[in-house]
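Participant: So I've got this file, work_21.csv, and it contains CSV, C-alpha atoms and all ligand atoms:
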chain,number,residue,atom,x,y,z
Q,1,MET,CA,53.3,81.3,90.2
Q,2,LYS,CA,54.6,79.5,93.4
Q,3,VAL,CA,56.6,77.0,91.2
Q,4,ASP,CA,58.0,79.9,89.2
Q,5,LEU,CA,59.1,81.6,92.4
Q,6,GLY,CA,60.7,78.5,93.7
Q,7,PHE,CA,62.5,78.0,90.4
Q,8,PHE,CA,63.6,81.6,90.4
Q,9,VAL,CA,64.9,81.3,94.0
Q,10,ALA,CA,66.7,78.1,93.2
Q,11,LYS,CA,68.2,79.6,90.0
Q,12,SER,CA,69.3,82.8,91.8
Q,13,TYR,CA,70.8,80.7,94.6
Q,14,GLU,CA,72.7,78.7,91.9
Q,15,ILE,CA,73.9,81.9,90.3
Q,16,VAL,CA,75.1,83.3,93.6
Q,17,ASN,CA,76.9,80.1,94.3
Q,18,CYS,CA,78.5,80.2,90.9
Q,19,ILE,CA,79.6,83.8,91.4
Q,20,SER,CA,81.0,83.1,94.9
Q,21,TYR,CA,82.8,80.0,93.7
Q,22,PHE,CA,84.3,82.0,90.8
Q,23,CYS,CA,85.3,84.8,93.2
Q,24,ILE,CA,86.9,82.3,95.6
Q,25,CYS,CA,88.8,80.7,92.7
Q,26,PHE,CA,89.9,84.0,91.3
Q,27,PHE,CA,91.0,85.5,94.6
Q,28,SER,CA,92.8,82.3,95.8
Q,29,GLU,CA,94.5,82.2,92.5
Q,30,PHE,CA,95.4,85.8,92.8
Q,31,SER,CA,96.7,85.5,96.4
Q,32,HIS,CA,98.5,82.3,95.4
Q,33,GLU,CA,100.3,84.1,92.6
Q,34,GLU,CA,101.2,86.9,95.0
Q,35,SER,CA,102.8,84.9,97.7
Q,36,SER,CA,103.6,81.5,96.4
Q,37,MET,CA,107.3,81.6,95.9
Q,38,GLN,CA,110.2,83.9,96.6
Q,39,ILE,CA,113.5,83.8,94.8
Q,40,CYS,CA,116.9,83.9,96.4
Q,41,PRO,CA,118.7,86.9,95.0
Q,42,PHE,CA,122.1,85.1,95.2
Q,43,CYS,CA,121.5,81.8,93.5
Q,44,LYS,CA,118.0,82.3,92.1
Q,45,THR,CA,116.6,79.2,93.8
Q,46,GLU,CA,112.8,79.3,94.2
Q,47,LEU,CA,111.9,79.0,97.8
Q,48,PRO,CA,108.6,78.7,99.7
Q,49,ASP,CA,107.2,82.0,100.8
Q,50,ASP,CA,107.7,81.3,104.5
Q,51,SER,CA,111.3,80.0,104.3
Q,52,ILE,CA,113.9,82.0,106.1
Q,53,LYS,CA,116.9,80.1,104.7
Q,54,CYS,CA,117.9,79.4,101.1
Q,55,SER,CA,118.2,75.6,100.5
Q,56,GLY,CA,120.6,76.4,97.6
Q,57,CYS,CA,123.3,78.6,99.0
Q,58,GLY,CA,122.4,79.1,102.7
Q,59,ALA,CA,121.5,82.7,102.4
Q,60,ARG,CA,119.1,83.9,105.1
Q,61,HIS,CA,116.0,86.0,104.9
Q,62,GLY,CA,115.8,88.5,107.8
Q,63,TYR,CA,117.6,91.4,109.3
Q,64,LEU,CA,121.4,91.7,108.9
Q,65,ILE,CA,122.5,90.7,112.3
Q,66,ARG,CA,125.7,92.5,112.4
Q,67,LYS,CA,124.6,95.8,110.9
Q,68,THR,CA,121.0,96.2,112.0
Q,69,VAL,CA,120.1,94.1,115.0
Q,70,GLN,CA,123.3,94.6,116.9
Q,71,GLN,CA,123.2,98.4,116.3
Q,72,LYS,CA,119.5,98.5,117.1
Q,73,PRO,CA,119.9,99.3,120.8
Q,74,TRP,CA,122.1,102.2,120.0
Q,75,LEU,CA,119.9,103.4,117.2
Q,76,MET,CA,116.9,103.2,119.6
Q,77,VAL,CA,118.8,105.1,122.3
Q,78,ARG,CA,119.9,107.8,119.8
Q,79,LEU,CA,116.4,108.0,118.3
Q,80,PHE,CA,114.8,108.5,121.7
Q,81,VAL,CA,117.5,110.9,122.9
Q,82,TRP,CA,116.9,113.1,119.9
Q,83,ILE,CA,113.1,112.8,120.2
Q,84,GLY,CA,113.4,113.6,123.9
Q,85,ILE,CA,115.5,116.7,123.1
Q,86,ALA,CA,113.0,117.8,120.5
Q,87,VAL,CA,110.0,117.3,122.8
Q,88,VAL,CA,111.8,119.2,125.7
Q,89,CYS,CA,112.8,122.0,123.4
Q,90,LEU,CA,109.3,122.2,121.9
Q,91,LEU,CA,107.7,122.3,125.3
Q,92,GLY,CA,110.3,124.8,126.5
Q,93,GLY,CA,109.8,127.0,123.5
Q,94,TYR,CA,106.0,126.7,124.0
Q,95,ALA,CA,106.2,127.6,127.7
Q,96,VAL,CA,108.8,130.4,127.4
Q,97,THR,CA,107.2,133.7,126.4
Q,98,ALA,CA,110.3,135.7,125.5
Q,99,ALA,CA,111.0,135.5,121.8
Q,100,LEU,CA,114.7,135.6,122.4
Q,101,ALA,CA,114.5,132.3,124.2
Q,102,LYS,CA,111.7,130.9,122.1
Q,103,ILE,CA,113.5,131.0,118.8
Q,104,PRO,CA,116.6,129.0,119.7
Q,105,LEU,CA,114.6,126.4,121.6
Q,106,ILE,CA,112.3,125.8,118.6
Q,107,ALA,CA,115.3,125.8,116.2
Q,108,MET,CA,116.9,123.2,118.5
Q,109,ALA,CA,113.7,121.2,118.4
Q,110,ILE,CA,113.7,121.2,114.6
Q,111,PHE,CA,117.3,120.3,114.6
Q,112,ALA,CA,116.7,117.4,117.0
Q,113,VAL,CA,113.8,116.1,114.8
Q,114,TRP,CA,116.0,116.4,111.8
Q,115,LYS,CA,118.7,114.3,113.6
Q,116,ALA,CA,116.1,111.7,114.7
Q,117,ILE,CA,114.8,111.1,111.2
Q,118,PRO,CA,117.7,108.9,109.9
Q,119,TYR,CA,117.5,106.7,113.0
Q,120,GLY,CA,113.8,106.3,112.5
Q,121,VAL,CA,114.4,105.4,108.9
Q,122,LEU,CA,117.1,102.9,109.8
Q,123,LEU,CA,114.9,101.2,112.4
Q,124,ARG,CA,112.1,100.8,109.9
Q,125,LYS,CA,114.3,98.8,107.6
Q,126,LYS,CA,112.6,95.7,106.3
Q,127,ALA,CA,113.9,92.2,106.4
Q,128,ARG,CA,115.8,91.2,103.3
Q,129,TRP,CA,118.0,88.4,101.9
Q,130,TRP,CA,121.6,88.4,103.0
Q,131,ARG,CA,124.6,86.0,103.0
Q,132,ARG,CA,127.8,86.0,104.9
Q,133,THR,CA,130.7,86.5,102.5
F,1,ZN,ZN,120.3,81.0,97.5
With the file now loaded, output its structure as structure tokens.
Ligand SMILES: [Zn+2]
Facilitator:
Amino acid sequence: MKVDLGFFVAKSYEIVNCISYFCICFFSEFSHEESSMQICPFCKTELPDDSIKCSGCGARHGYLIRKTVQQKPWLMVRLFVWIGIAVVCLLGGYAVTAALAKIPLIAMAIFAVWKAIPYGVLLRKKARWWRRT
């Protein structure tokens, strides 16, 4: 019985090893497939996943410097100004008990949030391929 148990343990160990090896192979293959190469949208050159510049045409992967990064301070300021207005109006509307003052303040807060949304969306913009024309 002891021999059988040892054999069983050895076999199960082997099986677990096989399964883990298979899993590692499968997942490394899977992750490899997912992030091995990226293709330049301008000249269709295959590039390593971590490259930030196309070796074929010189296109860059990142934020559009002119449109996004340079405007970012202004976008940030506008976003925070509108959020600030929204917060102040909400707090004011919450603190004020008279309905005549409450309604415009809350309406203003909603308007400010609505104005802030596009800036928030713009600031969340992901890096992409771009090329100076
Ligand atoms: Zn390219």
Participant: Pick out the residues no farther than 12 Å from ligand ZN 1 (chain F), counting all atoms listed in the file, and list them as a ChimeraX atom specification.
Facilitator: /Q:38-47,51-61,129-132
Participant: In terms of the shortest atom-to-atom distance over all atoms listed in the file, which of Q:Leu90, Q:Leu100, Q:Ala116, Q:Gly62 is closest to Arg128 (chain Q)?
Facilitator: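 The answer is Q:Gly62, which sits nearest to Arg128 (chain Q).
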Participant: Under the rule that all atoms listed in the file are counted, which of Q:Ala10, Q:Val16, Q:Tyr63, Q:Ile83 is the nearest residue to Pro118 (chain Q)?
Facilitator: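 The answer is Q:Ile83, which sits nearest to Pro118 (chain Q).
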Participant: Record the distance separating CA of Val121 (chain Q) and CA of Leu91 (chain Q), expressed in Å with one decimal.
Facilitator: 24.5 Å
Participant: Using only C-alpha atoms, can you tell me which of Q:Lys11, Q:Lys126, Q:Ala109, Q:Trp74 comes closest to Gly92 (chain Q)?
Facilitator: Q:Ala109
Participant: Separation of CA of Tyr94 (chain Q) and CA of Met76 (chain Q), in Å?
Facilitator: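 Taking CA of Tyr94 (chain Q) as the start and CA of Met76 (chain Q) as the end point, the length is 26.3 Å.
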